[in-house]
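Student: This is query22.cif, which holds mmCIF, C-alpha atoms:
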data_entry
loop_
_atom_site.label_atom_id
_atom_site.label_comp_id
_atom_site.auth_asym_id
_atom_site.auth_seq_id
_atom_site.Cartn_x
_atom_site.Cartn_y
_atom_site.Cartn_z
CA MET A 1 -67.24 20.08 35.02
CA ILE A 2 -69.91 18.45 37.20
CA PRO A 3 -72.61 17.05 34.88
CA GLN A 4 -75.26 19.70 34.35
CA LYS A 5 -77.94 17.81 32.46
CA PRO A 6 -79.05 14.21 33.03
CA ILE A 7 -76.87 11.68 31.23
CA ASP A 8 -78.55 10.01 28.29
CA TYR A 9 -77.95 6.38 29.26
CA ASP A 10 -79.68 5.13 26.16
CA HIS A 11 -77.04 6.52 23.85
CA ILE A 12 -73.77 5.61 25.49
CA PRO A 13 -72.15 3.05 23.22
CA GLU A 14 -70.61 -0.06 24.73
CA PRO A 15 -67.08 0.76 23.44
CA THR A 16 -67.29 4.04 25.39
CA LEU A 17 -68.40 2.16 28.49
CA ARG A 18 -65.44 -0.16 28.08
CA ARG A 19 -62.96 2.70 27.77
CA LEU A 20 -64.19 4.77 30.71
CA PRO A 21 -62.68 2.39 33.32
CA TRP A 22 -59.31 2.70 31.56
CA TYR A 23 -59.44 6.49 31.92
CA LEU A 24 -60.44 6.09 35.55
CA ALA A 25 -57.55 3.72 36.34
CA TYR A 26 -55.07 6.14 34.80
CA LEU A 27 -56.57 9.23 36.45
CA LYS A 28 -56.40 7.61 39.87
CA LEU A 29 -52.71 6.94 39.31
CA GLU A 30 -52.12 10.56 38.35
CA ARG A 31 -54.13 11.77 41.33
CA GLU A 32 -51.87 9.72 43.62
CA LYS A 33 -48.87 11.41 42.03
CA GLY A 34 -50.41 14.75 42.94
CA GLU A 35 -51.67 15.83 39.51
CA THR A 36 -54.63 18.21 39.72
CA ASN A 37 -55.26 18.89 36.02
CA ILE A 38 -54.83 16.73 32.98
CA SER A 39 -55.42 17.13 29.24
CA SER A 40 -56.95 14.59 26.90
CA THR A 41 -53.57 14.59 25.11
CA GLN A 42 -51.85 13.41 28.29
CA ILE A 43 -54.44 10.69 28.82
CA SER A 44 -54.08 9.74 25.16
CA ARG A 45 -50.32 9.37 25.39
CA ALA A 46 -50.59 7.20 28.50
CA ILE A 47 -53.25 4.75 27.41
CA ASN A 48 -53.08 4.68 23.61
CA VAL A 49 -56.55 6.02 22.79
CA GLY A 50 -56.89 9.05 20.50
CA ALA A 51 -57.32 12.38 22.31
CA SER A 52 -60.44 13.28 20.33
CA GLN A 53 -61.98 9.90 21.18
CA ILE A 54 -61.30 10.56 24.86
CA ALA A 55 -62.89 14.02 24.68
CA LYS A 56 -65.89 12.52 22.88
CA ASP A 57 -66.27 9.69 25.41
CA LEU A 58 -66.13 12.13 28.33
CA SER A 59 -68.60 14.51 26.70
CA MET A 60 -71.10 11.63 26.69
CA ILE A 61 -71.09 11.70 30.46
CA ASN A 62 -71.36 15.49 30.24
CA VAL A 63 -67.77 16.23 31.17
CA SER A 64 -65.70 18.70 29.19
CA GLY A 65 -62.20 20.02 29.78
CA LYS A 66 -61.23 23.68 29.95
CA THR A 67 -59.01 25.20 27.29
CA ARG A 68 -55.33 25.19 28.34
CA VAL A 69 -56.25 23.72 31.75
CA GLY A 70 -57.75 20.38 30.80
CA TYR A 71 -59.79 18.25 33.16
CA ASP A 72 -59.86 18.61 36.93
CA VAL A 73 -58.50 15.22 38.04
CA ASN A 74 -60.37 15.00 41.35
CA GLU A 75 -63.70 15.90 39.84
CA LEU A 76 -63.23 13.61 36.86
CA VAL A 77 -62.38 10.65 39.12
CA ASP A 78 -65.54 11.31 41.15
CA VAL A 79 -67.78 11.66 38.11
CA LEU A 80 -66.36 8.50 36.51
CA GLU A 81 -66.60 6.40 39.69
CA ASP A 82 -70.13 7.55 40.22
CA PHE A 83 -71.19 7.03 36.61
CA LEU A 84 -69.56 3.59 36.39
CA GLY A 85 -71.30 2.50 39.57
CA PHE A 86 -68.06 1.90 41.49
CA SER A 87 -68.87 4.38 44.25
CA HIS A 88 -71.79 2.51 45.77
CA THR A 89 -72.18 -1.15 46.63
CA HIS A 90 -74.13 -3.62 44.49
CA LYS A 91 -74.94 -6.89 46.22
CA ALA A 92 -74.41 -10.12 44.30
CA PHE A 93 -74.91 -13.86 44.74
CA LEU A 94 -72.41 -16.31 43.28
CA PHE A 95 -73.65 -19.60 41.81
CA GLY A 96 -71.07 -22.38 41.69
CA ALA A 97 -68.35 -22.14 44.34
CA GLY A 98 -65.93 -24.46 42.55
CA SER A 99 -62.56 -23.52 41.17
CA LEU A 100 -63.30 -20.23 39.39
CA GLY A 101 -66.20 -19.36 41.68
CA GLY A 102 -64.05 -19.92 44.76
CA ALA A 103 -61.35 -17.77 43.16
CA LEU A 104 -63.82 -14.90 42.69
CA LEU A 105 -64.93 -15.22 46.31
CA HIS A 106 -61.26 -14.69 47.24
CA ASP A 107 -60.87 -11.61 45.08
CA LYS A 108 -61.07 -8.46 47.19
CA GLY A 109 -60.84 -6.31 44.07
CA LEU A 110 -64.53 -6.78 43.29
CA SER A 111 -65.64 -4.93 46.42
CA GLN A 112 -63.30 -2.04 45.57
CA TYR A 113 -65.20 -1.73 42.31
CA GLY A 114 -68.61 -1.72 43.92
CA MET A 115 -69.61 -5.39 44.00
CA GLU A 116 -70.16 -7.20 47.26
CA ILE A 117 -70.73 -10.96 47.01
CA VAL A 118 -73.02 -11.65 49.96
CA ALA A 119 -73.44 -15.42 49.52
CA GLY A 120 -72.50 -18.33 47.32
CA PHE A 121 -74.63 -21.30 46.28
CA ASP A 122 -73.55 -24.78 45.30
CA VAL A 123 -74.87 -28.34 45.26
CA ASN A 124 -71.64 -30.11 46.22
CA PRO A 125 -71.89 -31.22 49.88
CA ASP A 126 -68.15 -30.52 50.29
CA ARG A 127 -68.75 -26.84 49.64
CA VAL A 128 -72.22 -26.25 51.08
CA SER A 129 -72.26 -24.80 54.63
CA MET A 130 -68.66 -23.69 54.48
CA SER A 131 -67.41 -20.12 54.18
CA ILE A 132 -64.90 -18.90 51.63
CA ASN A 133 -63.20 -15.64 52.52
CA ASP A 134 -65.94 -15.12 55.15
CA ILE A 135 -68.67 -15.44 52.51
CA PRO A 136 -71.15 -18.21 53.39
CA VAL A 137 -71.92 -20.92 50.82
CA TYR A 138 -75.47 -22.35 50.91
CA HIS A 139 -77.17 -25.16 49.06
CA LEU A 140 -78.73 -24.02 45.79
CA ASP A 141 -82.10 -25.10 47.17
CA ASP A 142 -81.81 -22.30 49.75
CA PHE A 143 -81.51 -19.61 47.08
CA ASP A 144 -85.19 -18.61 47.04
CA GLN A 145 -85.28 -18.22 50.79
CA MET A 146 -82.06 -16.18 50.90
CA GLN A 147 -83.28 -14.08 47.99
CA SER A 148 -86.55 -13.27 49.76
CA GLN A 149 -84.48 -11.97 52.68
CA MET A 150 -81.87 -10.09 50.66
CA GLY A 151 -83.41 -9.06 47.33
CA VAL A 152 -80.21 -9.30 45.33
CA SER A 153 -80.18 -8.15 41.67
CA ILE A 154 -76.89 -9.55 40.38
CA GLY A 155 -75.94 -13.21 39.98
CA ILE A 156 -72.46 -14.47 39.11
CA LEU A 157 -72.61 -17.69 37.10
CA THR A 158 -69.60 -19.97 37.67
CA VAL A 159 -71.26 -23.38 37.51
CA PRO A 160 -70.04 -26.18 35.19
CA VAL A 161 -70.94 -25.43 31.58
CA ASP A 162 -73.61 -28.16 31.41
CA ARG A 163 -75.55 -26.54 34.26
CA ALA A 164 -75.25 -22.95 33.01
CA GLN A 165 -78.65 -22.61 31.31
CA GLU A 166 -80.60 -24.39 34.03
CA VAL A 167 -79.05 -22.44 36.91
CA ALA A 168 -79.42 -19.14 35.02
CA GLU A 169 -83.14 -19.84 34.59
CA ARG A 170 -83.43 -20.57 38.28
CA MET A 171 -81.68 -17.29 39.08
CA VAL A 172 -84.10 -15.32 36.90
CA ALA A 173 -87.12 -17.12 38.35
CA GLY A 174 -85.87 -16.05 41.78
CA GLY A 175 -85.65 -12.40 40.80
CA ILE A 176 -82.03 -11.95 39.64
CA ARG A 177 -81.99 -9.25 36.94
CA ALA A 178 -78.35 -9.26 35.80
CA ILE A 179 -76.17 -12.30 35.16
CA TRP A 180 -72.39 -12.17 34.99
CA ASN A 181 -71.72 -15.32 32.99
CA PHE A 182 -68.20 -16.72 33.40
CA THR A 183 -69.03 -19.98 31.63
CA PRO A 184 -68.24 -20.35 27.94
CA PHE A 185 -71.90 -21.27 27.34
CA ARG A 186 -74.13 -18.64 25.68
CA ILE A 187 -77.16 -18.65 27.96
CA HIS A 188 -80.61 -17.83 26.54
CA MET A 189 -82.33 -15.19 28.63
CA PRO A 190 -85.38 -12.94 28.35
CA GLU A 191 -84.59 -9.53 26.82
CA ASN A 192 -85.02 -7.65 30.08
CA ILE A 193 -82.24 -9.61 31.77
CA VAL A 194 -78.77 -8.04 31.63
CA VAL A 195 -76.19 -10.64 30.57
CA GLN A 196 -72.47 -9.93 30.65
CA ASN A 197 -70.26 -12.69 29.27
CA THR A 198 -66.74 -12.87 30.65
CA SER A 199 -65.24 -16.05 29.35
CA ILE A 200 -61.65 -15.79 30.50
CA TYR A 201 -60.79 -19.14 28.92
CA ALA A 202 -61.81 -17.81 25.50
CA HIS A 203 -59.13 -15.17 25.98
CA LEU A 204 -56.62 -17.96 26.50
CA ALA A 205 -57.34 -19.16 22.98
CA LEU A 206 -56.58 -15.68 21.63
CA ILE A 207 -53.23 -15.64 23.43
CA PHE A 208 -52.20 -19.14 22.34
CA ASN A 209 -53.27 -18.50 18.78
CA ARG A 210 -51.37 -15.25 18.39
CA LEU A 211 -48.32 -16.61 20.18
CA ASP A 212 -48.17 -19.73 18.00
CA HIS A 213 -48.74 -17.61 14.94
CA GLN A 214 -45.82 -15.31 15.83
CA SER A 215 -43.57 -18.31 16.37
CA GLN A 216 -44.43 -19.55 12.89
CA LYS A 217 -43.51 -16.20 11.36
CA LYS A 218 -39.95 -16.45 12.67
CA MET B 1 -63.42 -33.23 8.05
CA ILE B 2 -59.79 -33.26 9.25
CA PRO B 3 -58.09 -30.10 7.95
CA GLN B 4 -56.52 -30.86 4.58
CA LYS B 5 -54.58 -27.70 3.90
CA PRO B 6 -52.61 -25.60 6.39
CA ILE B 7 -54.78 -23.10 8.26
CA ASP B 8 -54.19 -19.50 7.22
CA TYR B 9 -53.57 -18.04 10.68
CA ASP B 10 -53.08 -14.56 9.20
CA HIS B 11 -56.68 -14.30 8.12
CA ILE B 12 -58.69 -15.60 11.03
CA PRO B 13 -60.54 -12.58 12.41
CA GLU B 14 -60.65 -12.04 16.17
CA PRO B 15 -64.48 -12.34 16.35
CA THR B 16 -64.15 -15.83 14.87
CA LEU B 17 -61.47 -16.70 17.42
CA ARG B 18 -63.80 -15.51 20.16
CA ARG B 19 -66.71 -17.63 18.93
CA LEU B 20 -64.79 -20.87 18.40
CA PRO B 21 -64.55 -21.58 22.18
CA TRP B 22 -68.34 -21.19 22.45
CA TYR B 23 -68.84 -23.85 19.78
CA LEU B 24 -66.34 -26.07 21.55
CA ALA B 25 -68.08 -25.73 24.92
CA TYR B 26 -71.43 -26.65 23.38
CA LEU B 27 -70.03 -29.53 21.32
CA LYS B 28 -68.40 -31.07 24.38
CA LEU B 29 -71.78 -30.98 26.13
CA GLU B 30 -73.43 -32.70 23.19
CA ARG B 31 -70.67 -35.28 23.03
CA GLU B 32 -71.27 -36.12 26.67
CA LYS B 33 -74.95 -36.64 25.85
CA GLY B 34 -73.89 -39.16 23.21
CA GLU B 35 -74.44 -37.04 20.08
CA THR B 36 -72.22 -38.11 17.20
CA ASN B 37 -73.35 -35.69 14.50
CA ILE B 38 -74.55 -32.13 14.68
CA SER B 39 -75.68 -29.50 12.17
CA SER B 40 -74.80 -25.81 12.18
CA THR B 41 -78.54 -25.18 12.67
CA GLN B 42 -78.48 -27.14 15.93
CA ILE B 43 -75.41 -25.25 17.15
CA SER B 44 -77.08 -22.01 16.07
CA ARG B 45 -80.23 -22.69 18.05
CA ALA B 46 -78.24 -23.56 21.17
CA ILE B 47 -75.85 -20.64 21.29
CA ASN B 48 -77.57 -17.83 19.41
CA VAL B 49 -75.12 -17.35 16.55
CA GLY B 50 -76.40 -17.54 12.94
CA ALA B 51 -75.94 -20.93 11.26
CA SER B 52 -74.20 -19.40 8.25
CA GLN B 53 -71.79 -17.55 10.55
CA ILE B 54 -70.98 -20.83 12.27
CA ALA B 55 -70.35 -22.59 8.95
CA LYS B 56 -68.15 -19.69 7.86
CA ASP B 57 -66.17 -19.68 11.12
CA LEU B 58 -65.58 -23.41 10.91
CA SER B 59 -64.58 -23.23 7.26
CA MET B 60 -61.77 -20.88 8.34
CA ILE B 61 -60.20 -23.72 10.25
CA ASN B 62 -60.83 -25.93 7.22
CA VAL B 63 -63.77 -27.82 8.66
CA SER B 64 -66.94 -28.36 6.68
CA GLY B 65 -70.06 -30.36 7.47
CA LYS B 66 -71.58 -33.03 5.26
CA THR B 67 -74.99 -32.47 3.66
CA ARG B 68 -77.82 -33.95 5.76
CA VAL B 69 -75.26 -35.39 8.25
CA GLY B 70 -73.62 -32.25 9.61
CA TYR B 71 -70.41 -32.22 11.57
CA ASP B 72 -68.83 -35.23 13.24
CA VAL B 73 -68.88 -34.16 16.91
CA ASN B 74 -65.78 -36.07 18.03
CA GLU B 75 -63.66 -34.87 15.17
CA LEU B 76 -64.85 -31.28 15.51
CA VAL B 77 -64.05 -31.23 19.23
CA ASP B 78 -60.55 -32.52 18.49
CA VAL B 79 -59.91 -30.03 15.70
CA LEU B 80 -61.18 -27.11 17.80
CA GLU B 81 -59.21 -28.07 20.92
CA ASP B 82 -56.11 -28.50 18.86
CA PHE B 83 -56.58 -25.28 16.91
CA LEU B 84 -57.40 -23.24 20.02
CA GLY B 85 -54.32 -24.54 21.78
CA PHE B 86 -56.25 -26.24 24.60
CA SER B 87 -54.88 -29.70 23.88
CA HIS B 88 -51.28 -29.02 24.83
CA THR B 89 -49.82 -27.23 27.84
CA HIS B 90 -48.50 -23.67 27.72
CA LYS B 91 -46.38 -22.68 30.70
CA ALA B 92 -47.00 -19.29 32.30
CA PHE B 93 -45.60 -17.12 35.09
CA LEU B 94 -47.93 -14.97 37.17
CA PHE B 95 -46.80 -11.50 38.31
CA GLY B 96 -48.56 -10.17 41.39
CA ALA B 97 -49.88 -12.85 43.75
CA GLY B 98 -52.31 -10.53 45.54
CA SER B 99 -56.05 -10.80 45.53
CA LEU B 100 -56.84 -11.45 41.85
CA GLY B 101 -53.47 -13.10 41.20
CA GLY B 102 -53.97 -15.45 44.14
CA ALA B 103 -57.47 -16.20 42.84
CA LEU B 104 -56.07 -17.20 39.45
CA LEU B 105 -53.50 -19.45 41.11
CA HIS B 106 -56.44 -21.22 42.75
CA ASP B 107 -58.34 -21.69 39.50
CA LYS B 108 -57.90 -25.23 38.22
CA GLY B 109 -59.86 -24.35 35.07
CA LEU B 110 -56.85 -22.71 33.44
CA SER B 111 -54.93 -25.98 33.26
CA GLN B 112 -57.93 -27.68 31.66
CA TYR B 113 -57.69 -25.08 28.92
CA GLY B 114 -54.00 -25.58 28.33
CA MET B 115 -52.34 -23.07 30.66
CA GLU B 116 -50.11 -24.22 33.49
CA ILE B 117 -48.93 -21.52 35.88
CA VAL B 118 -45.52 -22.77 36.98
CA ALA B 119 -44.59 -19.95 39.36
CA GLY B 120 -45.76 -16.65 40.74
CA PHE B 121 -43.70 -13.53 41.51
CA ASP B 122 -44.36 -10.80 44.01
CA VAL B 123 -42.48 -8.21 46.09
CA ASN B 124 -44.58 -8.45 49.26
CA PRO B 125 -42.60 -10.40 51.91
CA ASP B 126 -45.87 -11.92 53.16
CA ARG B 127 -46.37 -13.66 49.85
CA VAL B 128 -42.81 -14.41 48.71
CA SER B 129 -41.56 -17.95 49.49
CA MET B 130 -45.04 -19.29 50.09
CA SER B 131 -46.99 -21.62 47.84
CA ILE B 132 -50.54 -21.02 46.65
CA ASN B 133 -52.33 -24.13 45.42
CA ASP B 134 -48.90 -25.84 45.27
CA ILE B 135 -47.54 -23.13 42.97
CA PRO B 136 -44.42 -21.49 44.43
CA VAL B 137 -44.26 -17.70 44.74
CA TYR B 138 -40.81 -16.11 44.38
CA HIS B 139 -39.50 -12.58 44.76
CA LEU B 140 -39.74 -10.59 41.54
CA ASP B 141 -35.95 -10.23 41.64
CA ASP B 142 -35.69 -14.00 41.06
CA PHE B 143 -37.63 -13.82 37.80
CA ASP B 144 -34.60 -13.67 35.49
CA GLN B 145 -33.01 -16.68 37.15
CA MET B 146 -36.24 -18.72 37.03
CA GLN B 147 -36.81 -17.67 33.44
CA SER B 148 -33.34 -18.83 32.39
CA GLN B 149 -34.22 -22.25 33.84
CA MET B 150 -37.75 -22.50 32.49
CA GLY B 151 -37.98 -20.37 29.33
CA VAL B 152 -41.62 -19.39 29.81
CA SER B 153 -43.41 -17.44 27.03
CA ILE B 154 -46.56 -16.24 28.78
CA GLY B 155 -46.83 -13.80 31.68
CA ILE B 156 -50.02 -13.06 33.61
CA LEU B 157 -50.08 -9.47 34.87
CA THR B 158 -52.03 -9.05 38.11
CA VAL B 159 -49.94 -6.40 39.86
CA PRO B 160 -51.44 -3.16 41.21
CA VAL B 161 -52.31 -0.78 38.39
CA ASP B 162 -49.47 1.64 39.20
CA ARG B 163 -46.88 -1.09 38.68
CA ALA B 164 -48.38 -2.54 35.49
CA GLN B 165 -46.17 -0.78 32.92
CA GLU B 166 -42.94 -1.27 34.87
CA VAL B 167 -43.49 -4.97 35.57
CA ALA B 168 -44.64 -5.61 31.99
CA GLU B 169 -41.39 -4.09 30.72
CA ARG B 170 -39.42 -6.30 33.08
CA MET B 171 -41.32 -9.35 31.81
CA VAL B 172 -40.48 -8.51 28.19
CA ALA B 173 -36.83 -7.80 29.02
CA GLY B 174 -36.72 -11.28 30.56
CA GLY B 175 -38.08 -12.96 27.43
CA ILE B 176 -41.85 -13.11 28.00
CA ARG B 177 -43.57 -12.86 24.61
CA ALA B 178 -47.26 -12.76 25.54
CA ILE B 179 -48.84 -10.77 28.38
CA TRP B 180 -52.28 -11.50 29.78
CA ASN B 181 -53.07 -8.12 31.33
CA PHE B 182 -55.73 -8.27 34.06
CA THR B 183 -55.07 -4.69 35.20
CA PRO B 184 -57.25 -1.88 33.87
CA PHE B 185 -54.09 -0.10 32.69
CA ARG B 186 -53.36 -0.13 28.94
CA ILE B 187 -49.70 -1.18 28.87
CA HIS B 188 -47.43 0.05 26.05
CA MET B 189 -45.58 -2.83 24.49
CA PRO B 190 -43.44 -3.43 21.39
CA GLU B 191 -45.48 -4.67 18.41
CA ASN B 192 -44.11 -8.19 18.53
CA ILE B 193 -45.45 -8.76 22.06
CA VAL B 194 -48.91 -10.37 22.28
CA VAL B 195 -51.10 -8.44 24.73
CA GLN B 196 -54.49 -9.72 25.81
CA ASN B 197 -56.46 -7.36 28.05
CA THR B 198 -58.96 -9.00 30.38
CA SER B 199 -60.21 -6.31 32.67
CA ILE B 200 -62.94 -8.06 34.60
CA TYR B 201 -63.67 -4.91 36.59
CA ALA B 202 -64.49 -3.02 33.38
CA HIS B 203 -67.21 -5.64 32.82
CA LEU B 204 -68.62 -4.73 36.21
CA ALA B 205 -69.22 -1.19 34.94
CA LEU B 206 -71.16 -2.58 31.98
CA ILE B 207 -73.39 -4.63 34.30
CA PHE B 208 -74.04 -1.78 36.75
CA ASN B 209 -74.73 0.66 33.96
CA ARG B 210 -77.22 -1.53 32.14
CA LEU B 211 -78.90 -2.61 35.37
CA ASP B 212 -79.33 0.97 36.59
CA HIS B 213 -80.54 1.96 33.16
CA GLN B 214 -83.21 -0.76 33.18
CA SER B 215 -84.36 0.29 36.63
CA GLN B 216 -84.84 3.83 35.35
CA LYS B 217 -86.98 2.59 32.48
CA LYS B 218 -89.51 1.02 34.81
#
Please lay out the structure from this file as structure tokens.
Tutor:
Amino acid sequence: MIPQKPIDYDHIPEPTLRRLPWYLAYLKLEREKGETNISSTQISRAINVGASQIAKDLSMINVSGKTRVGYDVNELVDVLEDFLGFSHTHKAFLFGAGSLGGALLHDKGLSQYGMEIVAGFDVNPDRVSMSINDIPVYHLDDFDQMQSQMGVSIGILTVPVDRAQEVAERMVAGGIRAIWNFTPFRIHMPENIVVQNTSIYAHLALIFNRLDHQSQKK
Amino acid sequence: MIPQKPIDYDHIPEPTLRRLPWYLAYLKLEREKGETNISSTQISRAINVGASQIAKDLSMINVSGKTRVGYDVNELVDVLEDFLGFSHTHKAFLFGAGSLGGALLHDKGLSQYGMEIVAGFDVNPDRVSMSINDIPVYHLDDFDQMQSQMGVSIGILTVPVDRAQEVAERMVAGGIRAIWNFTPFRIHMPENIVVQNTSIYAHLALIFNRLDHQSQKK
């Protein structure tokens, strides 16, 4: 079940990439319960994704189950963690240590999933030179110097929305190659920069809308 | 430009609902700069969505621009905030005041977007009976009593992944009608329950994967 040929990163669709962490979360639960083998049908029943879709997704990372035995849970967890990048540490800088940024600095879950925030940057004198959860916060003007020492690839963007584009450009000029954008602003970036938008407040709108809509149906 | 006929909530596609907060964020920036009118072309250039898509999205909430004048910025901000549910307060309970849960309790941004977390629940004695950011944390066993006093509709699920299903069921039994699931576990819920999955760690996998992939290309 260990991948035999190199994985074709170019052809793994984003929906597959989004589902793989769900499988991983479930498999880790089952491993804790002592399960050693699991079928795609079992995974399917637990997380509401079709069994054939699961088998297809896993075949893309060169994993296939054995007839009547299914997948080896331990091996599948290892392969998934490794493929998803959770098994080694990626250093990140955080830009904007305000409310949401400060909250992310507090979140220990990120390091469990392979991201270590090594420093934060801000321009507010109340935040600069302090530490949040033992992570130092520097003035934004110190970014280039810190970057030359640390060579970080990932930047987390949690600045106010009206600074998003400007700070993102500064990040890229300093050598950041992937931006995790938590602002609701769609930043414009060169094609070679990885941008992941995670606008949690946009999800709020989806909840409110569907909740209000259901109330109207009653 | 004020909506004339009732909005047909049944037929607003989710992609539209996801884009509307982007328009709102940009429009609020422009309003601060003193802009009073804006065209779909201007919005398009700023946030990288086609102008005709923008016009179509806005027409779904019964807003249309005027020829050669465009949209009235003030009115459009009001209509969007109202439609998205950001202009009035929705009370929420948070379940699981650990790392990510505690981080969300710290985030003042949620209240700006219409969500007020009125209490947290946990089972860890170290967290129960304390307050985080002035929000009280109670034992999970006190949920039903608090709920009978407060009648909250929205529950934020930030428990460990192996408790997600069980706690979600308890939330629904207690009258919660919408669950904002931050765990990577796909909870099974009755059809009438609104479930919004926001697995920020799954986004990490997307970043790592694309970043590693780009490094390989070099």
Student: Name the residues that the PyMOL selection byres ((chain B) within 7 of (chain A)) pulls out of this structure, and write them as number ranges by chain.
Tutor: B: 9, 17-18, 21-22, 25-26, 29, 47, 84-85, 99-100, 103-104, 106-110, 113, 162, 178, 184-186, 194, 196, 201-202, 205-211, 213
Student: For the file shown, report as an MDAnalysis selection string the outcome of the PyMOL selection byres ((chain A and resi 51) around 12) at residue level.
Tutor: chainID A and resid 23 38:50 52:58 65 70
Student: Pull C-alpha atoms from the residues just selected and write them as a PDB file, keeping the file's coordinate frame.
Tutor:
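Written output follows (result.pdb):
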ATOM      1  CA  TYR A  23     -59.440   6.490  31.920  1.00  0.00           C
ATOM      2  CA  ILE A  38     -54.830  16.730  32.980  1.00  0.00           C
ATOM      3  CA  SER A  39     -55.420  17.130  29.240  1.00  0.00           C
ATOM      4  CA  SER A  40     -56.950  14.590  26.900  1.00  0.00           C
ATOM      5  CA  THR A  41     -53.570  14.590  25.110  1.00  0.00           C
ATOM      6  CA  GLN A  42     -51.850  13.410  28.290  1.00  0.00           C
ATOM      7  CA  ILE A  43     -54.440  10.690  28.820  1.00  0.00           C
ATOM      8  CA  SER A  44     -54.080   9.740  25.160  1.00  0.00           C
ATOM      9  CA  ARG A  45     -50.320   9.370  25.390  1.00  0.00           C
ATOM     10  CA  ALA A  46     -50.590   7.200  28.500  1.00  0.00           C
ATOM     11  CA  ILE A  47     -53.250   4.750  27.410  1.00  0.00           C
ATOM     12  CA  ASN A  48     -53.080   4.680  23.610  1.00  0.00           C
ATOM     13  CA  VAL A  49     -56.550   6.020  22.790  1.00  0.00           C
ATOM     14  CA  GLY A  50     -56.890   9.050  20.500  1.00  0.00           C
ATOM     15  CA  SER A  52     -60.440  13.280  20.330  1.00  0.00           C
ATOM     16  CA  GLN A  53     -61.980   9.900  21.180  1.00  0.00           C
ATOM     17  CA  ILE A  54     -61.300  10.560  24.860  1.00  0.00           C
ATOM     18  CA  ALA A  55     -62.890  14.020  24.680  1.00  0.00           C
ATOM     19  CA  LYS A  56     -65.890  12.520  22.880  1.00  0.00           C
ATOM     20  CA  ASP A  57     -66.270   9.690  25.410  1.00  0.00           C
ATOM     21  CA  LEU A  58     -66.130  12.130  28.330  1.00  0.00           C
ATOM     22  CA  GLY A  65     -62.200  20.020  29.780  1.00  0.00           C
ATOM     23  CA  GLY A  70     -57.750  20.380  30.800  1.00  0.00           C
TER      24      GLY A  70
END
Student: For a test of reading the model, state the distance in Å between CA of Thr16 in chain A and CA of Pro15 in chain B, rounded to one decimal.
Tutor: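 CA of Pro15 in chain B lies at a distance of 18.9 Å from CA of Thr16 in chain A.
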Student: For the atom pair CA of Arg31 in chain B and CA of Thr158 in chain A, what is the interatomic distance in Å to one decimal place?
Tutor: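 Here the two named atoms are 21.2 Å from each other.
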Student: For the file shown, report as number ranges by chain the outcome of the PyMOL selection byres ((chain A and resi 131) around 12) at residue level.
Tutor: A: 97, 102, 105-106, 118-122, 126-130, 132-138
Student: Residues at most 10 Å from range 169-175 of chain B, counting all atoms listed in the file, excluding those fewer than 2 positions away in the same chain, as a VMD selection string?
Tutor: chain B and resid 93 95 140 143 to 148 151 to 157 164 to 167 177 to 179 187 to 190 193
Student: Figure out the distance between CA of Val159 in chain A and CA of Glu35 in chain B, please, to one decimal in Å.
Tutor: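 Taking CA of Glu35 in chain B and CA of Val159 in chain A, their separation equals 22.4 Å.
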Student: B:Ser111, B:Thr36, B:Thr67, B:Pro125: which is nearest Ser87 in chain B, counting only C-alpha atoms?
Tutor: B:Ser111
